[in-house]
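Working notes, beginning with the structure itself.
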Amino acid sequence: MRVLLIEDDPMVGKGLVVALTDAGLSVDWCRDGSAGAEALAVGGHAIVLLDLGLPGKDGLTVLQEARQLGNHTPLLVITARDEIEDRIKGLDLGADDYLVKPFDPGELLARIRAVSRRQSGQTTSVIEAGAIALNLATHEVSYRGKSDFLPAREFALLRALAERAGTILSRTQLEERLYGWGEEVESNAVDVLIHYVRRRFDKDIIRNVRGAGWMVARS
Ligand code: CA
């Protein structure tokens with residue numbers, strides 16, 4: 001799952017990138033409002049974390065313009081404590097939720113899960129695809145009577161496939177979901193992750209579609 005982070009404060013930004021990456025999310029980080037607006041327009045992100053006080057273009061303008069253009073990417077506003085008015089405006093302009101700095105990374109991750117659930121109409125933190133069940137809160141995966149807690153990237157890989165069960169995802173599509181901008185990706189990174197996931201459960205958990213990519217069964 002790719003997250004777009006629009007935040008100019010280097011300390012806050014770095015902290016968030018580490019917390020989100022550790023949780024298995026890939027992060028694209030824009031340090032000013034104009035770059036953020038462009039990245040938002042390009043799309044491909046499951047959620048946007050938007051600071052309000054930004055150089056280039058302020059956060060509320062970024063949000064307002066995106067919603068006016070029909071962009072409905074789930075969006076969490078992150079604000080300083082003294083920006084209550086702006087927070088209210090943000091929600092009125094179509095933000096899905098907000099967090100007040102400083103916040104605990106655990107709370108941020110829980111809010112991200114909640115916003116993604118609302119977006120996809122799910123009511124719990126468990127994704128099911130055929131015989132696979134993935135718990136988004138704990139990263140526990142169960143498959144045909146076996147269960148295991150997966151490290152961040154393995155979980156992210158299986159989640160990407162499970163969210164589009166029955167659909168083939170190519171190497172490029174998987175890499176896009178797993179890695180952020182500018183991250184070095186080894187040419188066999190996806191194969192290695194698939195190998196690890198299969199070793200934990202069974203080879204059948206991820207199907208190889210020769211020349212096209214990989215998929216998990218829908219039923
Ligand atoms: Ca700021």
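Going through the structure tokens in order, the chains are called A, B, and so on, while each chain numbers its residues from 1 and the ligands are numbered from 1 in the order shown.
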
Pick out the residues no farther than 8 Å from ligand 1, counting only C-alpha atoms and all ligand atoms, and list them as a PDB file with N, CA, C and O atoms, in the first residue's frame.
```
ATOM      1  N   GLU A   7       4.480  16.878   3.800  1.00  0.00           N
ATOM      2  CA  GLU A   7       4.926  17.424   5.094  1.00  0.00           C
ATOM      3  C   GLU A   7       6.262  18.115   4.881  1.00  0.00           C
ATOM      4  O   GLU A   7       7.168  17.543   4.296  1.00  0.00           O
ATOM      5  N   ASP A   8       6.375  19.381   5.336  1.00  0.00           N
ATOM      6  CA  ASP A   8       7.627  20.110   5.108  1.00  0.00           C
ATOM      7  C   ASP A   8       8.628  19.970   6.245  1.00  0.00           C
ATOM      8  O   ASP A   8       9.819  20.179   6.035  1.00  0.00           O
ATOM      9  N   ASP A   9       8.161  19.610   7.442  1.00  0.00           N
ATOM     10  CA  ASP A   9       9.088  19.526   8.578  1.00  0.00           C
ATOM     11  C   ASP A   9       9.962  18.269   8.431  1.00  0.00           C
ATOM     12  O   ASP A   9       9.438  17.149   8.430  1.00  0.00           O
ATOM     13  N   ASP A  51      -0.082  17.699   5.792  1.00  0.00           N
ATOM     14  CA  ASP A  51       0.179  18.775   6.740  1.00  0.00           C
ATOM     15  C   ASP A  51      -0.527  20.017   6.204  1.00  0.00           C
ATOM     16  O   ASP A  51      -0.766  20.127   5.001  1.00  0.00           O
ATOM     17  N   LEU A  52      -0.876  20.966   7.080  1.00  0.00           N
ATOM     18  CA  LEU A  52      -1.591  22.144   6.588  1.00  0.00           C
ATOM     19  C   LEU A  52      -0.656  23.316   6.299  1.00  0.00           C
ATOM     20  O   LEU A  52      -0.762  23.976   5.271  1.00  0.00           O
ATOM     21  N   GLY A  53       0.278  23.600   7.229  1.00  0.00           N
ATOM     22  CA  GLY A  53       1.208  24.701   7.017  1.00  0.00           C
ATOM     23  C   GLY A  53       2.341  24.238   6.117  1.00  0.00           C
ATOM     24  O   GLY A  53       3.265  23.565   6.541  1.00  0.00           O
ATOM     25  N   LEU A  54       2.242  24.574   4.825  1.00  0.00           N
ATOM     26  CA  LEU A  54       3.224  24.069   3.848  1.00  0.00           C
ATOM     27  C   LEU A  54       3.726  25.209   2.976  1.00  0.00           C
ATOM     28  O   LEU A  54       2.952  26.107   2.632  1.00  0.00           O
ATOM     29  N   PRO A  55       4.999  25.188   2.568  1.00  0.00           N
ATOM     30  CA  PRO A  55       5.468  26.144   1.569  1.00  0.00           C
ATOM     31  C   PRO A  55       4.913  25.765   0.186  1.00  0.00           C
ATOM     32  O   PRO A  55       4.471  24.635   0.002  1.00  0.00           O
ATOM     33  N   THR A  79      -2.114  18.130  11.816  1.00  0.00           N
ATOM     34  CA  THR A  79      -2.023  19.555  12.151  1.00  0.00           C
ATOM     35  C   THR A  79      -1.333  19.786  13.485  1.00  0.00           C
ATOM     36  O   THR A  79      -1.237  18.890  14.310  1.00  0.00           O
TER      37      THR A  79
END
```

What residues in chain A get the DSSP label helix (DSSP H, G or I)? Please answer as a PDB file with C-alpha atoms, in the first residue's frame.
```
ATOM      1  CA  PRO A  10      12.153  17.276   8.031  1.00  0.00           C
ATOM      2  CA  MET A  11      12.071  15.764  11.548  1.00  0.00           C
ATOM      3  CA  VAL A  12       8.352  14.959  11.450  1.00  0.00           C
ATOM      4  CA  GLY A  13       8.641  13.713   7.865  1.00  0.00           C
ATOM      5  CA  LYS A  14      11.573  11.395   8.553  1.00  0.00           C
ATOM      6  CA  GLY A  15       9.864  10.004  11.658  1.00  0.00           C
ATOM      7  CA  LEU A  16       6.700   9.278   9.708  1.00  0.00           C
ATOM      8  CA  VAL A  17       8.567   7.639   6.836  1.00  0.00           C
ATOM      9  CA  VAL A  18      10.301   5.288   9.302  1.00  0.00           C
ATOM     10  CA  ALA A  19       7.070   4.444  11.164  1.00  0.00           C
ATOM     11  CA  LEU A  20       5.106   3.818   7.974  1.00  0.00           C
ATOM     12  CA  THR A  21       7.875   1.833   6.283  1.00  0.00           C
ATOM     13  CA  ASP A  22       8.269  -0.342   9.396  1.00  0.00           C
ATOM     14  CA  GLY A  33       2.374  21.846  -1.262  1.00  0.00           C
ATOM     15  CA  SER A  34       2.894  22.247  -5.002  1.00  0.00           C
ATOM     16  CA  ALA A  35       4.830  18.985  -5.342  1.00  0.00           C
ATOM     17  CA  GLY A  36       2.204  17.328  -3.124  1.00  0.00           C
ATOM     18  CA  ALA A  37      -0.642  18.542  -5.330  1.00  0.00           C
ATOM     19  CA  GLU A  38       1.105  17.191  -8.426  1.00  0.00           C
ATOM     20  CA  ALA A  39       1.726  13.787  -6.823  1.00  0.00           C
ATOM     21  CA  LEU A  40      -1.880  13.658  -5.658  1.00  0.00           C
ATOM     22  CA  ALA A  41      -3.067  14.373  -9.196  1.00  0.00           C
ATOM     23  CA  VAL A  42      -0.888  11.566 -10.604  1.00  0.00           C
ATOM     24  CA  GLY A  59      -2.547  22.215   2.745  1.00  0.00           C
ATOM     25  CA  LEU A  60      -6.140  23.443   2.695  1.00  0.00           C
ATOM     26  CA  THR A  61      -5.702  24.668  -0.883  1.00  0.00           C
ATOM     27  CA  VAL A  62      -4.147  21.334  -1.913  1.00  0.00           C
ATOM     28  CA  LEU A  63      -7.135  19.533  -0.384  1.00  0.00           C
ATOM     29  CA  GLN A  64      -9.754  21.862  -1.838  1.00  0.00           C
ATOM     30  CA  GLU A  65      -8.336  21.725  -5.359  1.00  0.00           C
ATOM     31  CA  ALA A  66      -8.013  17.940  -5.290  1.00  0.00           C
ATOM     32  CA  ARG A  67     -11.628  17.441  -4.168  1.00  0.00           C
ATOM     33  CA  GLN A  68     -12.883  19.968  -6.727  1.00  0.00           C
ATOM     34  CA  ILE A  84      -8.279  24.050  15.290  1.00  0.00           C
ATOM     35  CA  GLU A  85     -10.055  26.315  12.811  1.00  0.00           C
ATOM     36  CA  ASP A  86      -8.056  24.850   9.954  1.00  0.00           C
ATOM     37  CA  ARG A  87      -8.838  21.346  11.115  1.00  0.00           C
ATOM     38  CA  ILE A  88     -12.556  22.082  10.968  1.00  0.00           C
ATOM     39  CA  LYS A  89     -12.142  23.641   7.522  1.00  0.00           C
ATOM     40  CA  GLY A  90     -10.179  20.579   6.443  1.00  0.00           C
ATOM     41  CA  LEU A  91     -12.977  18.224   7.432  1.00  0.00           C
ATOM     42  CA  ASP A  92     -15.500  20.480   5.690  1.00  0.00           C
ATOM     43  CA  PRO A 105       2.758   6.235  15.319  1.00  0.00           C
ATOM     44  CA  GLY A 106       0.450   3.476  16.581  1.00  0.00           C
ATOM     45  CA  GLU A 107      -2.478   5.877  16.528  1.00  0.00           C
ATOM     46  CA  LEU A 108      -1.588   7.050  13.028  1.00  0.00           C
ATOM     47  CA  LEU A 109      -1.523   3.448  11.774  1.00  0.00           C
ATOM     48  CA  ALA A 110      -4.879   2.723  13.433  1.00  0.00           C
ATOM     49  CA  ARG A 111      -6.417   5.819  11.796  1.00  0.00           C
ATOM     50  CA  ILE A 112      -4.997   4.779   8.425  1.00  0.00           C
ATOM     51  CA  ARG A 113      -6.582   1.351   8.830  1.00  0.00           C
ATOM     52  CA  ALA A 114      -9.890   2.912   9.845  1.00  0.00           C
ATOM     53  CA  VAL A 115      -9.933   5.313   6.882  1.00  0.00           C
ATOM     54  CA  SER A 116      -8.986   2.530   4.426  1.00  0.00           C
ATOM     55  CA  ARG A 117     -11.724   0.316   5.865  1.00  0.00           C
ATOM     56  CA  ARG A 118     -14.350   3.004   5.468  1.00  0.00           C
ATOM     57  CA  GLN A 119     -13.168   3.544   1.926  1.00  0.00           C
ATOM     58  CA  SER A 120     -13.464  -0.122   1.000  1.00  0.00           C
ATOM     59  CA  ALA A 152       6.332  -5.902   6.986  1.00  0.00           C
ATOM     60  CA  ARG A 153       7.299  -6.498   3.341  1.00  0.00           C
ATOM     61  CA  GLU A 154       6.033 -10.073   3.158  1.00  0.00           C
ATOM     62  CA  PHE A 155       2.738  -8.890   4.614  1.00  0.00           C
ATOM     63  CA  ALA A 156       2.562  -5.987   2.163  1.00  0.00           C
ATOM     64  CA  LEU A 157       3.158  -8.355  -0.770  1.00  0.00           C
ATOM     65  CA  LEU A 158       0.442 -10.777   0.278  1.00  0.00           C
ATOM     66  CA  ARG A 159      -1.931  -7.921   1.050  1.00  0.00           C
ATOM     67  CA  ALA A 160      -1.429  -6.401  -2.406  1.00  0.00           C
ATOM     68  CA  LEU A 161      -2.315  -9.743  -3.990  1.00  0.00           C
ATOM     69  CA  ALA A 162      -5.220 -10.467  -1.617  1.00  0.00           C
ATOM     70  CA  GLU A 163      -6.816  -7.081  -2.176  1.00  0.00           C
ATOM     71  CA  ARG A 171       6.318  -7.664 -11.148  1.00  0.00           C
ATOM     72  CA  THR A 172       6.126  -3.933 -11.896  1.00  0.00           C
ATOM     73  CA  GLN A 173       2.699  -3.599 -10.284  1.00  0.00           C
ATOM     74  CA  LEU A 174       3.925  -5.376  -7.159  1.00  0.00           C
ATOM     75  CA  GLU A 175       7.095  -3.288  -6.986  1.00  0.00           C
ATOM     76  CA  GLU A 176       5.000  -0.116  -7.285  1.00  0.00           C
ATOM     77  CA  ARG A 177       2.867  -1.179  -4.348  1.00  0.00           C
ATOM     78  CA  LEU A 178       5.794  -2.286  -2.211  1.00  0.00           C
ATOM     79  CA  ALA A 189      13.131  -8.652  -4.583  1.00  0.00           C
ATOM     80  CA  VAL A 190       9.595  -9.782  -5.410  1.00  0.00           C
ATOM     81  CA  ASP A 191      10.702 -13.385  -6.057  1.00  0.00           C
ATOM     82  CA  VAL A 192      12.483 -13.478  -2.711  1.00  0.00           C
ATOM     83  CA  LEU A 193       9.404 -12.246  -0.830  1.00  0.00           C
ATOM     84  CA  ILE A 194       7.180 -14.756  -2.619  1.00  0.00           C
ATOM     85  CA  HIS A 195       9.603 -17.526  -1.742  1.00  0.00           C
ATOM     86  CA  TYR A 196       9.474 -16.554   1.959  1.00  0.00           C
ATOM     87  CA  VAL A 197       5.682 -16.389   2.052  1.00  0.00           C
ATOM     88  CA  ARG A 198       5.319 -19.765   0.338  1.00  0.00           C
ATOM     89  CA  ARG A 199       7.835 -21.327   2.710  1.00  0.00           C
ATOM     90  CA  ARG A 200       5.772 -20.180   5.716  1.00  0.00           C
ATOM     91  CA  LYS A 203       3.487 -23.143  -2.403  1.00  0.00           C
ATOM     92  CA  ASP A 204      -0.197 -22.877  -3.413  1.00  0.00           C
ATOM     93  CA  ILE A 205      -0.792 -19.693  -1.444  1.00  0.00           C
TER      94      ILE A 205
END
```

Expected answer as a ChimeraX atom specification: strand (DSSP E) residues in segment 2-212 of chain A: /A:2-6,26-30,47-51,75-79,97-100,126-129,132-135,140-143,146-149,207-209

Just the selected residues (N, CA and C atoms), exported as a short mmCIF file (atom, residue, chain, number, x, y, z; two decimals), in the first residue's frame, please.
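And here's selection26.cif as it stands now:
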```cif
data_model
loop_
_atom_site.label_atom_id
_atom_site.label_comp_id
_atom_site.auth_asym_id
_atom_site.auth_seq_id
_atom_site.Cartn_x
_atom_site.Cartn_y
_atom_site.Cartn_z
N ARG A 2 0.61 2.16 -0.93
CA ARG A 2 1.42 3.37 -1.05
C ARG A 2 0.75 4.54 -0.34
N VAL A 3 1.56 5.26 0.41
CA VAL A 3 1.07 6.42 1.15
C VAL A 3 1.75 7.65 0.58
N LEU A 4 0.96 8.72 0.36
CA LEU A 4 1.55 9.99 -0.04
C LEU A 4 1.62 10.88 1.19
N LEU A 5 2.84 11.26 1.55
CA LEU A 5 3.05 12.12 2.72
C LEU A 5 3.42 13.52 2.22
N ILE A 6 2.64 14.51 2.61
CA ILE A 6 2.93 15.90 2.24
C ILE A 6 3.21 16.65 3.53
N SER A 26 4.59 1.66 1.72
CA SER A 26 5.62 2.39 0.99
C SER A 26 5.20 3.85 0.95
N VAL A 27 6.17 4.74 1.10
CA VAL A 27 5.87 6.16 1.30
C VAL A 27 6.51 7.01 0.22
N ASP A 28 5.71 7.87 -0.39
CA ASP A 28 6.23 8.92 -1.27
C ASP A 28 6.11 10.22 -0.49
N TRP A 29 7.22 10.90 -0.30
CA TRP A 29 7.24 12.06 0.57
C TRP A 29 7.45 13.34 -0.25
N CYS A 30 6.50 14.25 -0.21
CA CYS A 30 6.63 15.57 -0.84
C CYS A 30 6.82 16.60 0.26
N ILE A 47 -3.71 6.30 0.44
CA ILE A 47 -4.09 7.33 1.42
C ILE A 47 -3.08 8.48 1.35
N VAL A 48 -3.55 9.66 1.72
CA VAL A 48 -2.69 10.86 1.75
C VAL A 48 -2.64 11.38 3.18
N LEU A 49 -1.43 11.70 3.65
CA LEU A 49 -1.26 12.37 4.93
C LEU A 49 -0.83 13.79 4.62
N LEU A 50 -1.65 14.75 4.99
CA LEU A 50 -1.45 16.13 4.56
C LEU A 50 -1.25 17.08 5.74
N ASP A 51 -0.08 17.70 5.79
CA ASP A 51 0.18 18.77 6.74
C ASP A 51 -0.53 20.02 6.20
N LEU A 75 -7.92 10.84 2.79
CA LEU A 75 -6.94 11.85 3.20
C LEU A 75 -7.06 12.15 4.69
N LEU A 76 -5.92 12.08 5.35
CA LEU A 76 -5.81 12.41 6.78
C LEU A 76 -5.04 13.71 6.92
N VAL A 77 -5.62 14.68 7.60
CA VAL A 77 -4.93 15.94 7.84
C VAL A 77 -4.10 15.81 9.12
N ILE A 78 -2.84 16.25 9.06
CA ILE A 78 -2.02 16.26 10.28
C ILE A 78 -1.72 17.72 10.62
N THR A 79 -2.11 18.13 11.82
CA THR A 79 -2.02 19.55 12.15
C THR A 79 -1.33 19.79 13.48
N ASP A 97 -10.22 12.41 8.06
CA ASP A 97 -9.93 12.38 9.49
C ASP A 97 -8.76 13.32 9.72
N TYR A 98 -8.41 13.55 10.98
CA TYR A 98 -7.23 14.37 11.24
C TYR A 98 -6.51 13.87 12.49
N LEU A 99 -5.25 14.22 12.61
CA LEU A 99 -4.44 13.89 13.77
C LEU A 99 -3.71 15.15 14.20
N VAL A 100 -3.58 15.34 15.52
CA VAL A 100 -2.90 16.50 16.04
C VAL A 100 -1.47 16.11 16.45
N VAL A 126 -9.76 -7.33 9.03
CA VAL A 126 -9.32 -8.59 8.41
C VAL A 126 -9.73 -8.61 6.93
N ILE A 127 -8.74 -8.90 6.07
CA ILE A 127 -9.03 -9.07 4.65
C ILE A 127 -9.08 -10.57 4.39
N GLU A 128 -10.10 -11.04 3.68
CA GLU A 128 -10.15 -12.46 3.34
C GLU A 128 -10.13 -12.62 1.83
N ALA A 129 -9.31 -13.55 1.39
CA ALA A 129 -9.26 -13.86 -0.04
C ALA A 129 -9.11 -15.37 -0.15
N ILE A 132 -7.18 -17.44 2.46
CA ILE A 132 -6.23 -16.57 3.16
C ILE A 132 -6.98 -15.53 3.98
N ALA A 133 -6.55 -15.34 5.24
CA ALA A 133 -7.09 -14.23 6.05
C ALA A 133 -5.92 -13.41 6.55
N LEU A 134 -5.97 -12.10 6.32
CA LEU A 134 -4.88 -11.21 6.76
C LEU A 134 -5.43 -10.22 7.78
N ASN A 135 -4.81 -10.18 8.94
CA ASN A 135 -5.21 -9.21 9.95
C ASN A 135 -4.34 -7.97 9.82
N GLU A 140 -0.99 -10.82 11.29
CA GLU A 140 -1.10 -12.27 11.34
C GLU A 140 -1.86 -12.74 10.10
N VAL A 141 -1.30 -13.80 9.50
CA VAL A 141 -1.93 -14.36 8.31
C VAL A 141 -2.29 -15.80 8.61
N SER A 142 -3.49 -16.23 8.21
CA SER A 142 -3.77 -17.65 8.32
C SER A 142 -4.16 -18.20 6.96
N TYR A 143 -3.75 -19.44 6.76
CA TYR A 143 -4.00 -20.11 5.48
C TYR A 143 -4.07 -21.60 5.74
N LYS A 146 -2.85 -23.03 9.06
CA LYS A 146 -1.57 -22.52 9.58
C LYS A 146 -1.71 -21.02 9.79
N SER A 147 -1.07 -20.49 10.85
CA SER A 147 -1.04 -19.04 10.93
C SER A 147 0.32 -18.56 11.40
N ASP A 148 0.65 -17.35 11.00
CA ASP A 148 1.99 -16.82 11.26
C ASP A 148 1.93 -15.30 11.22
N PHE A 149 2.83 -14.65 11.96
CA PHE A 149 2.94 -13.20 11.91
C PHE A 149 4.02 -12.84 10.89
N ARG A 207 -0.08 -18.10 -6.62
CA ARG A 207 0.05 -18.79 -7.90
C ARG A 207 0.91 -17.99 -8.87
N ASN A 208 1.72 -18.74 -9.60
CA ASN A 208 2.59 -18.15 -10.61
C ASN A 208 1.85 -18.22 -11.95
N VAL A 209 1.71 -17.12 -12.63
CA VAL A 209 1.10 -17.16 -13.96
C VAL A 209 2.21 -16.82 -14.95
#
```

Can you pull out the residues contacting segment 166-169 of chain A? Cut-off 7 Å, using only C-alpha atoms, and skip same-chain residues under 6 positions away; I want them as a PyMOL selection string. chain A and resi 213-218

Go ahead and write the residues just picked, C-alpha atoms, as a PDB file, in the first residue's frame.
```
ATOM      1  CA  GLY A 213       2.877 -12.337 -12.809  1.00  0.00           C
ATOM      2  CA  TRP A 214       1.273 -13.732  -9.677  1.00  0.00           C
ATOM      3  CA  MET A 215      -2.142 -13.985  -8.086  1.00  0.00           C
ATOM      4  CA  VAL A 216      -4.016 -15.401  -5.149  1.00  0.00           C
ATOM      5  CA  ALA A 217      -7.252 -17.259  -5.683  1.00  0.00           C
ATOM      6  CA  ARG A 218     -10.520 -15.503  -4.971  1.00  0.00           C
TER       7      ARG A 218
END
```

A:Phe201, A:Ser170, A:Pro102, A:Gly94 ranked by distance to Gly145 of chain A, top pick (using only C-alpha atoms):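 Closest to Gly145 of chain A, using only C-alpha atoms: A:Phe201.
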
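You will find atom CA of Glu186 of chain A at 20.4 Å from atom CA of Arg210 of chain A.
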